[in-house]
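Each remark here refers to the structure printed beneath this line.
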Amino acid sequence: MQRVKYSNSSGPSERERLQSRRRFIQFAGAGTAVVALGGMHYLSEDLTRKALAETLPDGRPRLPPGQRVLSQLKPMGGEEGNPSPGAFRLTVHGLVEHPLELTFADLLALPQVTLAADVHCVTGWSLLGAKWTGVPVAELARRAGVKPEARHVVFEAAHGYTANVPLRDATKDDVLVAHRLEGQPLSRANGAPVRGLVPSRYFWKSAKWLTGVRFVQKDEPGYWETRGYNNHADPWREERYG
Ligand SMILES: Nc1nc2c(c(=O)[nH]1)N[C@H]1C(S)=C(S)[C@@H](COP(=O)(O)O)O[C@H]1N2
Ligand SMILES: [Mo]
């Protein structure tokens, strides 16, 4: 299996990541076939054709424009956090009445949800209908007692990675603090032990190696949002770049 190639094993430097993104943008702009993109090796023409014939309950096409379907999740890199459940802590903080600090066991003791979700990476691939298990962000919001002035959620991850989502969207039923994919614990590359899952947005909003969920009043554009990517990131509107 081919992996995204970085110049060292500990992960890409920021400069390398931005360069690789820029190459993608050039490809996309030139209308080059998506197979030219790095990491499309699980690309499935059959699954793509099938998805193109489907619509969501609200009438939108199942597959957002410019996307092709993968048969399995492809690790996209990033600076990994500590994958050990024993070391895991999740802080739920910011504009809340009762800040929480949850261990992995605490998280598992909360009501769990398993749902099928489609995810869409800005580099042009989608993974459809995978089963994710975790705790809804809405549940954490309720337990922490989010203050009425909160308007946005900042997903915080290892090494300072963040992703911002409006509170209304971050508290939809399908937004999870997720720890299982297809019934299995998350792999290290896919964010172990816990990641955010925000299916309604490009996948960079789904922060791997999650460490915190922070409620804020004023929007705080995150890692990619401050590096040329769209703040809102709706795949159906192709809100890819800023
Ligand atoms: N902490 C962290 N989370 C992250 C990233 C990252 O670099 N660091 N990359 C994002 C991007 S751009 C994508 S497409 C998805 C990829 O998730 P995967 O590697 O599990 O496929 O994670 C998102 N979450
Ligand atoms: Mo991505």
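Residues are named by chain letter and number: chains run A, B, ... in the order of the structure tokens, numbers start at 1 in each chain, and ligands are numbered from 1 in the order shown.
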Report as CSV: every residue of chain A with an atom at most 9 Å from ligand 2, its closest pair of atoms, and their distance in Å to one decimal, counting only C-alpha atoms and all ligand atoms, with rows sorted by chain and ascending residue number.
```
residue,atom,partner,partner_atom_place_in_ligand_line,distance
A:Met76,CA,ligand 2,1 (Mo),6.6
A:His120,CA,ligand 2,1 (Mo),8.1
A:Cys121,CA,ligand 2,1 (Mo),4.6
A:Val122,CA,ligand 2,1 (Mo),5.2
A:Thr123,CA,ligand 2,1 (Mo),6.0
A:Gly124,CA,ligand 2,1 (Mo),8.7
A:Trp125,CA,ligand 2,1 (Mo),8.9
A:Tyr202,CA,ligand 2,1 (Mo),7.1
A:Phe203,CA,ligand 2,1 (Mo),5.5
A:Trp204,CA,ligand 2,1 (Mo),4.7
A:Lys205,CA,ligand 2,1 (Mo),8.5
```
Residues just named, written with N, CA, C and O atoms as a CSV table (one decimal), in the first residue's frame:
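The result, stored in again-v3.csv:
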```csv
chain,number,residue,atom,x,y,z
A,76,MET,N,-4.4,10.7,6.1
A,76,MET,CA,-4.0,11.9,5.4
A,76,MET,C,-2.8,12.6,6.1
A,76,MET,O,-2.5,13.7,5.7
A,120,HIS,N,-16.0,13.8,3.3
A,120,HIS,CA,-15.5,14.3,2.0
A,120,HIS,C,-14.3,15.1,2.2
A,120,HIS,O,-14.3,16.2,2.9
A,121,CYS,N,-13.2,14.6,1.7
A,121,CYS,CA,-11.9,15.3,1.8
A,121,CYS,C,-11.8,16.4,0.7
A,121,CYS,O,-12.1,16.1,-0.4
A,122,VAL,N,-11.2,17.5,1.0
A,122,VAL,CA,-11.1,18.6,0.1
A,122,VAL,C,-10.2,18.2,-1.1
A,122,VAL,O,-10.3,18.8,-2.2
A,123,THR,N,-9.3,17.2,-0.9
A,123,THR,CA,-8.5,16.8,-2.0
A,123,THR,C,-9.2,15.9,-3.1
A,123,THR,O,-8.7,15.4,-4.0
A,124,GLY,N,-10.5,15.7,-2.8
A,124,GLY,CA,-11.3,15.1,-3.9
A,124,GLY,C,-11.9,13.7,-3.6
A,124,GLY,O,-12.5,13.1,-4.5
A,125,TRP,N,-11.6,13.2,-2.5
A,125,TRP,CA,-12.1,11.8,-2.2
A,125,TRP,C,-13.2,11.9,-1.1
A,125,TRP,O,-13.2,12.8,-0.3
A,202,TYR,N,-16.1,19.7,4.8
A,202,TYR,CA,-14.9,19.0,4.4
A,202,TYR,C,-14.2,18.4,5.6
A,202,TYR,O,-14.2,18.9,6.7
A,203,PHE,N,-13.5,17.3,5.3
A,203,PHE,CA,-13.0,16.4,6.4
A,203,PHE,C,-11.9,17.1,7.3
A,203,PHE,O,-11.6,16.6,8.3
A,204,TRP,N,-11.4,18.2,6.8
A,204,TRP,CA,-10.3,18.8,7.7
A,204,TRP,C,-11.0,19.3,9.0
A,204,TRP,O,-10.3,19.5,10.0
A,205,LYS,N,-12.3,19.5,9.0
A,205,LYS,CA,-13.0,20.0,10.2
A,205,LYS,C,-13.1,18.9,11.2
A,205,LYS,O,-13.5,19.1,12.4
```
So that I can check the secondary structure, give me every residue of segment 76-150 of chain A assigned strand (DSSP E or B) by backbone DSSP, as a PyMOL selection string. chain A and resi 89-94+96+100-103+113-120+125-136+146
Output as a Markdown table one row per residue of chain A within 10 Å of ligand 1: the closest atom pair and its distance in Å to one decimal place, counting only C-alpha atoms and all ligand atoms, sorted by chain and residue number ascending.
```
| residue | atom | partner | partner_atom_place_in_ligand_line | distance |
| --- | --- | --- | --- | --- |
| A:Gly11 | CA | ligand 1 | 7 (O) | 9.5 |
| A:Pro12 | CA | ligand 1 | 7 (O) | 9.3 |
| A:Glu14 | CA | ligand 1 | 7 (O) | 9.6 |
| A:Arg17 | CA | ligand 1 | 7 (O) | 9.0 |
| A:Arg21 | CA | ligand 1 | 12 (S) | 9.5 |
| A:Gln72 | CA | ligand 1 | 21 (O) | 9.1 |
| A:Leu73 | CA | ligand 1 | 21 (O) | 5.4 |
| A:Lys74 | CA | ligand 1 | 21 (O) | 4.6 |
| A:Pro75 | CA | ligand 1 | 19 (O) | 3.3 |
| A:Met76 | CA | ligand 1 | 19 (O) | 3.7 |
| A:Gly77 | CA | ligand 1 | 19 (O) | 5.4 |
| A:Gly78 | CA | ligand 1 | 7 (O) | 3.4 |
| A:Glu79 | CA | ligand 1 | 8 (N) | 5.8 |
| A:Glu80 | CA | ligand 1 | 1 (N) | 6.8 |
| A:Gly81 | CA | ligand 1 | 1 (N) | 7.6 |
| A:Val119 | CA | ligand 1 | 14 (S) | 8.8 |
| A:His120 | CA | ligand 1 | 14 (S) | 7.5 |
| A:Cys121 | CA | ligand 1 | 14 (S) | 4.6 |
| A:Val122 | CA | ligand 1 | 14 (S) | 6.6 |
| A:Thr123 | CA | ligand 1 | 14 (S) | 7.4 |
| A:Gly124 | CA | ligand 1 | 14 (S) | 9.4 |
| A:Trp125 | CA | ligand 1 | 14 (S) | 8.8 |
| A:Ser126 | CA | ligand 1 | 14 (S) | 9.5 |
| A:Leu127 | CA | ligand 1 | 21 (O) | 9.1 |
| A:Phe155 | CA | ligand 1 | 1 (N) | 9.2 |
| A:Glu156 | CA | ligand 1 | 1 (N) | 7.8 |
| A:Ala157 | CA | ligand 1 | 1 (N) | 4.9 |
| A:Ala158 | CA | ligand 1 | 1 (N) | 5.8 |
| A:His159 | CA | ligand 1 | 1 (N) | 7.5 |
| A:Gly160 | CA | ligand 1 | 1 (N) | 7.9 |
| A:Tyr161 | CA | ligand 1 | 1 (N) | 5.1 |
| A:Thr162 | CA | ligand 1 | 1 (N) | 7.1 |
| A:Ala163 | CA | ligand 1 | 3 (N) | 8.2 |
| A:Leu181 | CA | ligand 1 | 20 (O) | 9.8 |
| A:Leu186 | CA | ligand 1 | 20 (O) | 8.6 |
| A:Ser187 | CA | ligand 1 | 20 (O) | 8.4 |
| A:Arg188 | CA | ligand 1 | 20 (O) | 8.9 |
| A:Ala189 | CA | ligand 1 | 19 (O) | 6.0 |
| A:Asn190 | CA | ligand 1 | 20 (O) | 3.5 |
| A:Gly191 | CA | ligand 1 | 20 (O) | 6.2 |
| A:Ala192 | CA | ligand 1 | 20 (O) | 9.4 |
| A:Arg195 | CA | ligand 1 | 3 (N) | 7.6 |
| A:Gly196 | CA | ligand 1 | 24 (N) | 8.0 |
| A:Leu197 | CA | ligand 1 | 24 (N) | 9.1 |
| A:Tyr202 | CA | ligand 1 | 14 (S) | 7.3 |
| A:Phe203 | CA | ligand 1 | 14 (S) | 4.6 |
| A:Trp204 | CA | ligand 1 | 11 (C) | 3.6 |
| A:Lys205 | CA | ligand 1 | 23 (C) | 6.1 |
| A:Ser206 | CA | ligand 1 | 24 (N) | 5.0 |
| A:Ala207 | CA | ligand 1 | 3 (N) | 3.7 |
| A:Lys208 | CA | ligand 1 | 3 (N) | 3.7 |
| A:Trp209 | CA | ligand 1 | 1 (N) | 5.3 |
| A:Leu210 | CA | ligand 1 | 1 (N) | 6.7 |
| A:Thr211 | CA | ligand 1 | 1 (N) | 9.1 |
| A:Tyr223 | CA | ligand 1 | 7 (O) | 8.3 |
| A:Trp224 | CA | ligand 1 | 12 (S) | 7.6 |
```
Go ahead and dump the residues you just picked, C-alpha atoms, as an mmCIF file, in the first residue's frame.
```
data_model
loop_
_atom_site.group_PDB
_atom_site.id
_atom_site.type_symbol
_atom_site.label_atom_id
_atom_site.label_comp_id
_atom_site.auth_asym_id
_atom_site.auth_seq_id
_atom_site.Cartn_x
_atom_site.Cartn_y
_atom_site.Cartn_z
ATOM 1 C CA GLY A 11 5.189 13.656 9.386
ATOM 2 C CA PRO A 12 5.247 16.557 6.996
ATOM 3 C CA GLU A 14 4.007 22.720 7.486
ATOM 4 C CA ARG A 17 1.931 20.224 3.568
ATOM 5 C CA ARG A 21 -1.941 21.387 -1.081
ATOM 6 C CA GLN A 72 -11.611 2.694 2.569
ATOM 7 C CA LEU A 73 -10.375 5.559 4.676
ATOM 8 C CA LYS A 74 -7.013 6.896 3.677
ATOM 9 C CA PRO A 75 -4.752 8.314 6.405
ATOM 10 C CA MET A 76 -3.988 11.877 5.361
ATOM 11 C CA GLY A 77 -1.191 12.570 7.801
ATOM 12 C CA GLY A 78 -0.863 15.342 10.319
ATOM 13 C CA GLU A 79 1.111 15.642 13.524
ATOM 14 C CA GLU A 80 0.028 12.679 15.632
ATOM 15 C CA GLY A 81 -0.970 12.929 19.254
ATOM 16 C CA VAL A 119 -17.030 12.140 4.735
ATOM 17 C CA HIS A 120 -15.548 14.323 2.008
ATOM 18 C CA CYS A 121 -11.900 15.344 1.827
ATOM 19 C CA VAL A 122 -11.086 18.594 0.073
ATOM 20 C CA THR A 123 -8.475 16.780 -2.041
ATOM 21 C CA GLY A 124 -11.349 15.119 -3.898
ATOM 22 C CA TRP A 125 -12.112 11.817 -2.212
ATOM 23 C CA SER A 126 -15.152 10.750 -0.229
ATOM 24 C CA LEU A 127 -15.763 7.768 2.033
ATOM 25 C CA PHE A 155 -12.221 21.409 18.075
ATOM 26 C CA GLU A 156 -8.753 21.303 19.635
ATOM 27 C CA ALA A 157 -6.202 18.644 18.810
ATOM 28 C CA ALA A 158 -2.622 17.636 19.512
ATOM 29 C CA HIS A 159 0.131 20.104 18.619
ATOM 30 C CA GLY A 160 -2.232 23.048 18.314
ATOM 31 C CA TYR A 161 -4.353 21.839 15.368
ATOM 32 C CA THR A 162 -7.824 23.372 15.564
ATOM 33 C CA ALA A 163 -11.001 23.372 13.460
ATOM 34 C CA LEU A 181 -14.641 3.294 12.925
ATOM 35 C CA LEU A 186 -9.475 4.278 15.608
ATOM 36 C CA SER A 187 -6.071 3.556 14.163
ATOM 37 C CA ARG A 188 -3.262 5.826 15.185
ATOM 38 C CA ALA A 189 -3.095 7.411 11.729
ATOM 39 C CA ASN A 190 -6.830 8.047 11.733
ATOM 40 C CA GLY A 191 -6.710 9.930 15.046
ATOM 41 C CA ALA A 192 -6.489 7.448 17.944
ATOM 42 C CA ARG A 195 -11.269 12.421 16.858
ATOM 43 C CA GLY A 196 -13.979 14.854 15.927
ATOM 44 C CA LEU A 197 -16.445 13.874 13.207
ATOM 45 C CA TYR A 202 -14.921 18.978 4.385
ATOM 46 C CA PHE A 203 -13.026 16.419 6.410
ATOM 47 C CA TRP A 204 -10.341 18.787 7.692
ATOM 48 C CA LYS A 205 -12.985 19.989 10.181
ATOM 49 C CA SER A 206 -12.876 16.479 11.722
ATOM 50 C CA ALA A 207 -9.888 16.955 14.009
ATOM 51 C CA LYS A 208 -7.841 13.839 14.741
ATOM 52 C CA TRP A 209 -6.095 13.264 18.116
ATOM 53 C CA LEU A 210 -8.741 15.401 19.752
ATOM 54 C CA THR A 211 -7.876 17.050 23.071
ATOM 55 C CA TYR A 223 -5.439 25.433 11.209
ATOM 56 C CA TRP A 224 -6.489 25.104 7.567
#
```
With distances taken over only C-alpha atoms, which residue among A:Val216, A:Leu47, A:Leu102, A:Ala138 lies nearest Arg62 of chain A?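 Smallest separation from Arg62 of chain A among the options: A:Leu47.
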Residues of segment 43-240 of chain A in helix (DSSP H, G or I) according to DSSP, as a ChimeraX atom specification? /A:45-52,85-87,104-109,137-144,158-160,167-170,203-205,235-237
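From atom CA of Val165 of chain A back to atom CA of Asn231 of chain A, the distance works out to 8.4 Å.
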Measuring between only C-alpha atoms, which one of A:Pro57, A:Pro83, A:Pro65, A:Gly145 shows the shortest distance to Glu97 of chain A? A:Gly145
Measure the distance from atom CA of Thr226 of chain A to atom CA of Ser200 of chain A in Å and round it to one decimal.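 Value for the atom CA of Thr226 of chain A-atom CA of Ser200 of chain A distance: 19.7 Å.
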